[in-house]
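Everything below belongs to target-v9.txt, which stores compact mmCIF, C-alpha atoms.
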# COMPACT_ATOMS: atom_id res chain seq x y z
CA MET A 1 94.27 98.42 60.97
CA THR A 2 92.44 98.28 64.30
CA ASP A 3 95.20 96.15 65.83
CA SER A 4 97.83 98.68 64.81
CA ILE A 5 95.83 101.54 66.36
CA ASN A 6 95.38 99.60 69.63
CA SER A 7 99.07 98.78 69.64
CA ALA A 8 99.97 102.44 69.21
CA GLU A 9 97.61 103.41 72.05
CA LYS A 10 99.16 100.80 74.34
CA LYS A 11 102.65 101.97 73.40
CA MET A 12 101.75 105.58 74.07
CA SER A 13 100.15 104.59 77.38
CA LEU A 14 103.34 102.76 78.40
CA LEU A 15 105.49 105.75 77.47
CA GLU A 16 103.22 108.04 79.47
CA HIS A 17 103.56 105.79 82.50
CA LEU A 18 107.33 105.73 82.16
CA ALA A 19 107.39 109.51 81.81
CA GLU A 20 105.28 109.89 84.95
CA LEU A 21 107.55 107.49 86.84
CA ARG A 22 110.61 109.44 85.71
CA ILE A 23 109.09 112.73 86.87
CA ARG A 24 108.14 111.36 90.28
CA LEU A 25 111.60 109.83 90.76
CA LEU A 26 113.12 113.14 89.67
CA TYR A 27 111.05 115.04 92.25
CA SER A 28 112.20 112.66 94.99
CA PHE A 29 115.83 112.90 93.87
CA ILE A 30 115.76 116.72 93.73
CA PHE A 31 114.25 116.90 97.21
CA PHE A 32 116.91 114.47 98.49
CA ILE A 33 119.76 116.51 96.95
CA PHE A 34 118.27 119.73 98.34
CA ILE A 35 118.15 118.35 101.90
CA PHE A 36 121.63 116.85 101.50
CA ILE A 37 123.13 120.21 100.44
CA ILE A 38 121.29 122.12 103.17
CA SER A 39 122.60 119.69 105.80
CA LEU A 40 126.22 120.52 104.85
CA ILE A 41 125.90 124.33 104.92
CA ASN A 42 127.42 126.00 107.97
CA PHE A 43 125.30 128.28 110.15
CA LYS A 44 125.54 129.85 113.59
CA ILE A 45 123.06 129.54 116.45
CA GLY A 46 124.31 130.88 119.78
CA LYS A 47 127.59 129.19 120.63
CA PHE A 48 127.20 126.55 117.95
CA HIS A 49 128.81 127.17 114.58
CA GLY A 50 128.64 124.37 112.06
CA SER A 51 126.38 122.41 109.74
CA ILE A 52 123.16 120.53 110.37
CA SER A 53 125.04 117.26 109.83
CA GLU A 54 127.45 118.23 112.63
CA LEU A 55 124.49 119.03 114.87
CA VAL A 56 122.92 115.65 114.07
CA TYR A 57 126.21 113.89 114.83
CA ILE A 58 126.39 115.68 118.19
CA PHE A 59 122.83 114.51 118.86
CA LEU A 60 123.78 110.89 118.02
CA GLN A 61 126.87 111.27 120.17
CA ASN A 62 125.01 112.41 123.30
CA PRO A 63 124.29 108.95 124.80
CA LEU A 64 128.03 108.24 124.79
CA ALA A 65 129.03 111.78 125.77
CA GLU A 66 126.87 111.65 128.90
CA ILE A 67 128.84 108.62 130.05
CA ILE A 68 132.44 109.49 129.17
CA ASN A 69 132.30 113.25 129.85
CA GLU A 70 132.42 112.52 133.57
CA ARG A 71 136.00 111.23 133.22
CA GLY A 72 137.18 113.58 130.49
CA GLY A 73 136.66 111.29 127.53
CA ARG A 74 136.91 112.34 123.91
CA MET A 75 136.37 111.12 120.35
CA ILE A 76 139.10 111.08 117.71
CA PHE A 77 139.71 110.63 114.01
CA THR A 78 142.97 109.13 112.74
CA ALA A 79 142.84 110.00 109.04
CA LEU A 80 142.88 113.53 107.63
CA HIS A 81 139.77 112.91 105.52
CA GLU A 82 137.84 110.98 108.19
CA GLY A 83 136.11 113.99 109.73
CA PHE A 84 134.98 115.27 106.34
CA PHE A 85 133.60 111.98 105.09
CA THR A 86 131.86 111.33 108.42
CA GLN A 87 129.92 114.57 108.02
CA ILE A 88 129.11 113.62 104.41
CA LYS A 89 127.71 110.27 105.60
CA VAL A 90 125.62 111.97 108.28
CA GLY A 91 124.22 114.41 105.70
CA PHE A 92 123.46 111.58 103.29
CA TYR A 93 121.55 109.46 105.80
CA LEU A 94 119.77 112.52 107.21
CA ALA A 95 118.60 113.48 103.71
CA LEU A 96 117.52 109.89 103.06
CA PHE A 97 115.53 109.75 106.31
CA ILE A 98 113.78 113.09 105.65
CA SER A 99 113.14 112.19 102.00
CA LEU A 100 111.63 108.79 102.79
CA PRO A 101 108.04 110.07 103.35
CA ILE A 102 108.24 112.08 100.12
CA MET A 103 109.45 109.01 98.24
CA LEU A 104 106.64 106.90 99.68
CA ILE A 105 104.08 109.56 98.71
CA GLN A 106 105.41 109.68 95.15
CA ILE A 107 105.35 105.88 94.90
CA TRP A 108 101.79 105.82 96.22
CA LYS A 109 100.62 108.48 93.76
CA TYR A 110 102.15 106.50 90.92
CA VAL A 111 100.77 103.10 91.95
CA SER A 112 97.36 103.96 93.45
CA PRO A 113 95.55 104.89 90.18
CA GLY A 114 96.12 101.34 88.95
CA LEU A 115 94.68 99.73 92.07
CA TYR A 116 91.11 98.82 92.88
CA LYS A 117 89.47 100.55 95.83
CA ASP A 118 89.82 97.44 98.02
CA GLU A 119 93.51 97.18 97.13
CA ARG A 120 94.07 100.85 98.00
CA ASN A 121 92.35 100.30 101.34
CA ILE A 122 94.75 97.42 102.01
CA PHE A 123 98.04 99.11 101.08
CA LEU A 124 97.49 102.71 102.23
CA PRO A 125 97.53 102.03 106.01
CA PHE A 126 100.78 100.10 105.65
CA MET A 127 102.37 102.93 103.66
CA ILE A 128 101.43 105.35 106.45
CA ALA A 129 102.59 103.04 109.26
CA THR A 130 106.06 102.40 107.81
CA PRO A 131 107.68 105.76 108.78
CA PHE A 132 106.04 105.76 112.21
CA LEU A 133 107.36 102.30 113.05
CA PHE A 134 110.82 103.32 111.86
CA LEU A 135 110.66 106.42 114.08
CA LEU A 136 109.56 104.26 117.01
CA SER A 137 112.53 101.96 116.44
CA PHE A 138 114.90 104.94 116.37
CA LEU A 139 113.55 106.24 119.69
CA MET A 140 114.07 102.82 121.26
CA VAL A 141 117.65 102.63 119.96
CA TYR A 142 118.50 106.15 121.11
CA PHE A 143 116.94 106.18 124.57
CA ILE A 144 117.19 102.51 125.61
CA VAL A 145 119.59 100.42 123.53
CA MET A 146 122.49 102.85 123.13
CA PRO A 147 122.83 103.85 126.82
CA ILE A 148 122.72 100.21 127.93
CA ALA A 149 125.11 99.01 125.20
CA TRP A 150 127.61 101.85 125.72
CA ASN A 151 127.73 101.22 129.49
CA PHE A 152 128.39 97.55 128.78
CA PHE A 153 131.21 98.26 126.31
CA LEU A 154 132.82 100.88 128.56
CA SER A 155 132.85 98.44 131.46
CA PHE A 156 135.90 96.82 129.84
CA GLU A 157 138.06 99.86 130.51
CA ILE A 158 140.89 99.25 132.98
CA PRO A 159 141.88 102.15 135.26
CA SER A 160 145.46 103.08 136.05
CA THR A 161 147.13 100.62 138.43
CA SER A 162 150.62 99.87 139.61
CA VAL A 163 150.57 96.57 137.75
CA GLY A 164 150.04 97.73 134.17
CA LEU A 165 149.03 100.54 131.88
CA PRO A 166 145.46 101.84 131.93
CA ILE A 167 143.11 100.90 129.10
CA GLU A 168 140.83 103.77 128.10
CA VAL A 169 138.40 104.10 125.23
CA GLU A 170 138.91 106.79 122.58
CA PRO A 171 136.27 105.98 119.96
CA ARG A 172 136.83 107.01 116.34
CA ILE A 173 134.06 109.18 114.93
CA SER A 174 133.63 107.04 111.79
CA GLU A 175 133.47 103.77 113.74
CA TYR A 176 130.98 105.24 116.18
CA LEU A 177 128.76 106.45 113.32
CA SER A 178 128.90 103.04 111.62
CA LEU A 179 127.90 101.29 114.85
CA VAL A 180 125.01 103.70 115.50
CA LEU A 181 123.73 103.41 111.91
CA ARG A 182 123.96 99.63 112.10
CA LEU A 183 121.79 99.62 115.22
CA ILE A 184 119.27 102.09 113.74
CA LEU A 185 119.01 100.14 110.49
CA ALA A 186 118.71 96.77 112.24
CA PHE A 187 115.92 97.94 114.56
CA GLY A 188 114.24 99.95 111.78
CA LEU A 189 113.99 96.93 109.50
CA CYS A 190 112.89 94.57 112.24
CA PHE A 191 110.16 96.95 113.41
CA GLN A 192 108.56 96.57 109.97
CA LEU A 193 107.68 92.96 110.88
CA PRO A 194 104.02 93.72 111.81
CA ILE A 195 103.52 95.48 108.47
CA LEU A 196 104.87 92.49 106.56
CA ILE A 197 102.80 89.99 108.57
CA LEU A 198 99.55 91.96 108.34
CA LEU A 199 100.07 92.60 104.63
CA LEU A 200 100.55 88.88 103.95
CA LEU A 201 97.47 88.22 106.05
CA ARG A 202 95.31 90.69 104.11
CA ILE A 203 96.50 89.28 100.79
CA GLY A 204 95.63 85.77 101.96
CA ILE A 205 99.06 84.16 101.87
CA ILE A 206 98.96 83.35 105.60
CA ASP A 207 96.28 83.18 108.28
CA VAL A 208 95.98 83.48 112.07
CA ALA A 209 96.35 79.73 112.61
CA TRP A 210 99.59 79.73 110.59
CA LEU A 211 101.00 82.54 112.75
CA THR A 212 100.01 80.84 116.01
CA GLN A 213 101.47 77.47 115.06
CA ARG A 214 104.85 78.98 114.12
CA ARG A 215 105.39 81.02 117.27
CA LYS A 216 108.40 78.92 118.36
CA TYR A 217 110.04 79.43 114.96
CA CYS A 218 109.56 83.17 115.38
CA ILE A 219 111.41 83.09 118.70
CA LEU A 220 114.31 81.20 117.13
CA PHE A 221 114.35 83.49 114.09
CA SER A 222 114.31 86.59 116.32
CA PHE A 223 117.45 85.58 118.20
CA ILE A 224 119.24 84.52 115.00
CA THR A 225 118.35 87.82 113.34
CA ALA A 226 119.47 89.78 116.40
CA ALA A 227 122.78 87.91 116.49
CA ILE A 228 123.43 88.78 112.83
CA LEU A 229 122.34 92.42 112.81
CA THR A 230 123.51 93.73 116.18
CA PRO A 231 127.04 94.11 117.62
CA PRO A 232 128.49 90.91 119.11
CA ASP A 233 127.20 91.32 122.64
CA VAL A 234 124.38 89.55 124.43
CA ILE A 235 122.69 92.72 125.70
CA SER A 236 122.01 94.35 122.32
CA GLN A 237 120.95 90.99 120.90
CA PHE A 238 118.34 90.57 123.63
CA LEU A 239 117.21 94.18 123.20
CA LEU A 240 116.43 93.45 119.54
CA ALA A 241 115.12 89.89 119.89
CA LEU A 242 112.60 90.68 122.63
CA PRO A 243 110.84 93.51 120.70
CA LEU A 244 110.73 91.23 117.64
CA ILE A 245 108.92 88.56 119.64
CA LEU A 246 106.60 91.18 121.15
CA LEU A 247 105.82 92.62 117.70
CA TYR A 248 105.02 89.11 116.45
CA GLU A 249 102.57 88.61 119.31
CA ILE A 250 101.01 92.03 118.62
CA SER A 251 100.62 91.01 114.98
CA ILE A 252 98.74 87.87 116.04
CA ILE A 253 96.40 89.92 118.26
CA ILE A 254 95.72 92.42 115.46
CA SER A 255 95.21 89.53 113.03
CA LYS A 256 92.55 87.98 115.26
CA PHE A 257 90.82 91.35 115.58
CA MET A 258 90.85 91.81 111.79
CA LYS A 259 89.46 88.31 111.28
CA LYS A 260 86.56 88.95 113.68
CA ARG A 261 85.85 92.28 112.00
CA ASP A 262 85.76 90.68 108.54
CA LEU A 263 83.42 87.94 109.77
CA ASN A 264 81.03 90.52 111.21
What would you get if you wrote out this structure as structure tokens?
Amino acid sequence: MTDSINSAEKKMSLLEHLAELRIRLLYSFIFFIFIFIISLINFKIGKFHGSISELVYIFLQNPLAEIINERGGRMIFTALHEGFFTQIKVGFYLALFISLPIMLIQIWKYVSPGLYKDERNIFLPFMIATPFLFLLSFLMVYFIVMPIAWNFFLSFEIPSTSVGLPIEVEPRISEYLSLVLRLILAFGLCFQLPILILLLLRIGIIDVAWLTQRRKYCILFSFITAAILTPPDVISQFLLALPLILLYEISIIISKFMKKRDLN
């Protein structure tokens, strides 16, 4: 009799947890859909008339526009539906980026009641640091990587000569968006390296000595990762590999500081 009552209580507790998880996921999904719809609605501010997704695309386009506008460059789309679906993609990723903190908050509220105080003290700083590191990676891509990479790619243009036809770039809007998103995602994921390292350190899976001894493997892994994630040019690969190595070294410094603090 007692076993059946305990079983019913456990079953009810499980159902309550699943219901709470469903509600929190629903809140996150509704917020995502709301931002996504808002980003596609047209509005007018001064001379600009369009949607937020168009405005965001123009913002992402600026590093290239500053370079090619001097010689009358332009961007094109070659399929009738390409412009529409490009704006849909921009709205989707914009909504995902804005919704990420809300999703992390909902996940934290769901998980934190089941954690001990020490466990909450371990995970909470990493939950807070994740969006900030992603934002830092985006700023690096936008203000440093993209201008350098675009200048490198555009250097392969051939001006008009008497020998042959000129070769000029006319980037497609969908291809440009895919390239920019690939860079943002690659740098965003790689900039989470300190969080992963420090989390493994706090859990006890690795230690400072382990990190120090494997520094050369980190350098090799950084260049391999950069070669896989970035466009096939040496410049962007170096621009990703070098911050990865720097972040690894920063993680070692922070790890040593944490170890001294725990000993004291």
Using the file's own x, y and z axes, what box holds all listed atoms of range 164-169 of chain A with 8 Å on each side, keeping edges along x, y and z, and what are its centre and edge lengths in Å to one decimal, as lines of an AutoDock Vina configuration file?
center_x = 144.2
center_y = 100.9
center_z = 129.7
size_x = 27.6
size_y = 22.4
size_z = 24.9
Fewer than 5 positions away in the same chain doesn't count, so skip those; otherwise give me all residues within 12 Å of Ile23 in chain A, counting only C-alpha atoms, as a short mmCIF file (atom, residue, chain, number, x, y, z; two decimals) with C-alpha atoms, in the frame of the given file.
data_model
loop_
_atom_site.label_atom_id
_atom_site.label_comp_id
_atom_site.auth_asym_id
_atom_site.auth_seq_id
_atom_site.Cartn_x
_atom_site.Cartn_y
_atom_site.Cartn_z
CA GLU A 16 103.22 108.04 79.47
CA HIS A 17 103.56 105.79 82.50
CA LEU A 18 107.33 105.73 82.16
CA SER A 28 112.20 112.66 94.99
CA PHE A 29 115.83 112.90 93.87
CA ILE A 30 115.76 116.72 93.73
CA MET A 103 109.45 109.01 98.24
CA GLN A 106 105.41 109.68 95.15
CA ILE A 107 105.35 105.88 94.90
CA LYS A 109 100.62 108.48 93.76
CA TYR A 110 102.15 106.50 90.92
#
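By chain and then residue number, the residues within 10 Å of Ile203 in chain A are Glu119, Ile122 and Phe123 of chain A, counting all atoms listed in the file and disregarding those fewer than 6 positions away in sequence.
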Keeping only C-alpha atoms, take the residues you just selected and write them out as a compact mmCIF listing (two decimals), in the frame of the given file.
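Okay, part-v2.txt is ready:
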# COMPACT_ATOMS: atom_id res chain seq x y z
CA GLU A 119 93.51 97.18 97.13
CA ILE A 122 94.75 97.42 102.01
CA PHE A 123 98.04 99.11 101.08
Of the residues A:Ile253, A:Pro171, A:Gln87, A:Met75, which is the one nearest to Glu54 in chain A, using only C-alpha atoms?
-> A:Gln87
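Taking CA of Cys218 in chain A as the reference point, CA of Tyr248 in chain A is found at 7.6 Å.
Atom pair CA of Pro101 in chain A / CA of Pro131 in chain A has a distance of 6.9 Å (rounded to one decimal).
In this comparison, which uses only C-alpha atoms, the residue of A:Val90, A:Leu189, A:Ser155, A:Arg22 approaching Ser51 in chain A most closely is A:Val90.
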Near-Ile235 in chain A list (8 Å; only C-alpha atoms; drop same-chain fewer than 3 positions) as a short mmCIF file (atom, residue, chain, number, x, y, z; two decimals) with C-alpha atoms, in the frame of the given file:
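Output contents, as saved in around.cif:
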data_model
loop_
_atom_site.label_atom_id
_atom_site.label_comp_id
_atom_site.auth_asym_id
_atom_site.auth_seq_id
_atom_site.Cartn_x
_atom_site.Cartn_y
_atom_site.Cartn_z
CA ILE A 148 122.72 100.21 127.93
CA ALA A 149 125.11 99.01 125.20
CA PHE A 238 118.34 90.57 123.63
CA LEU A 239 117.21 94.18 123.20
#
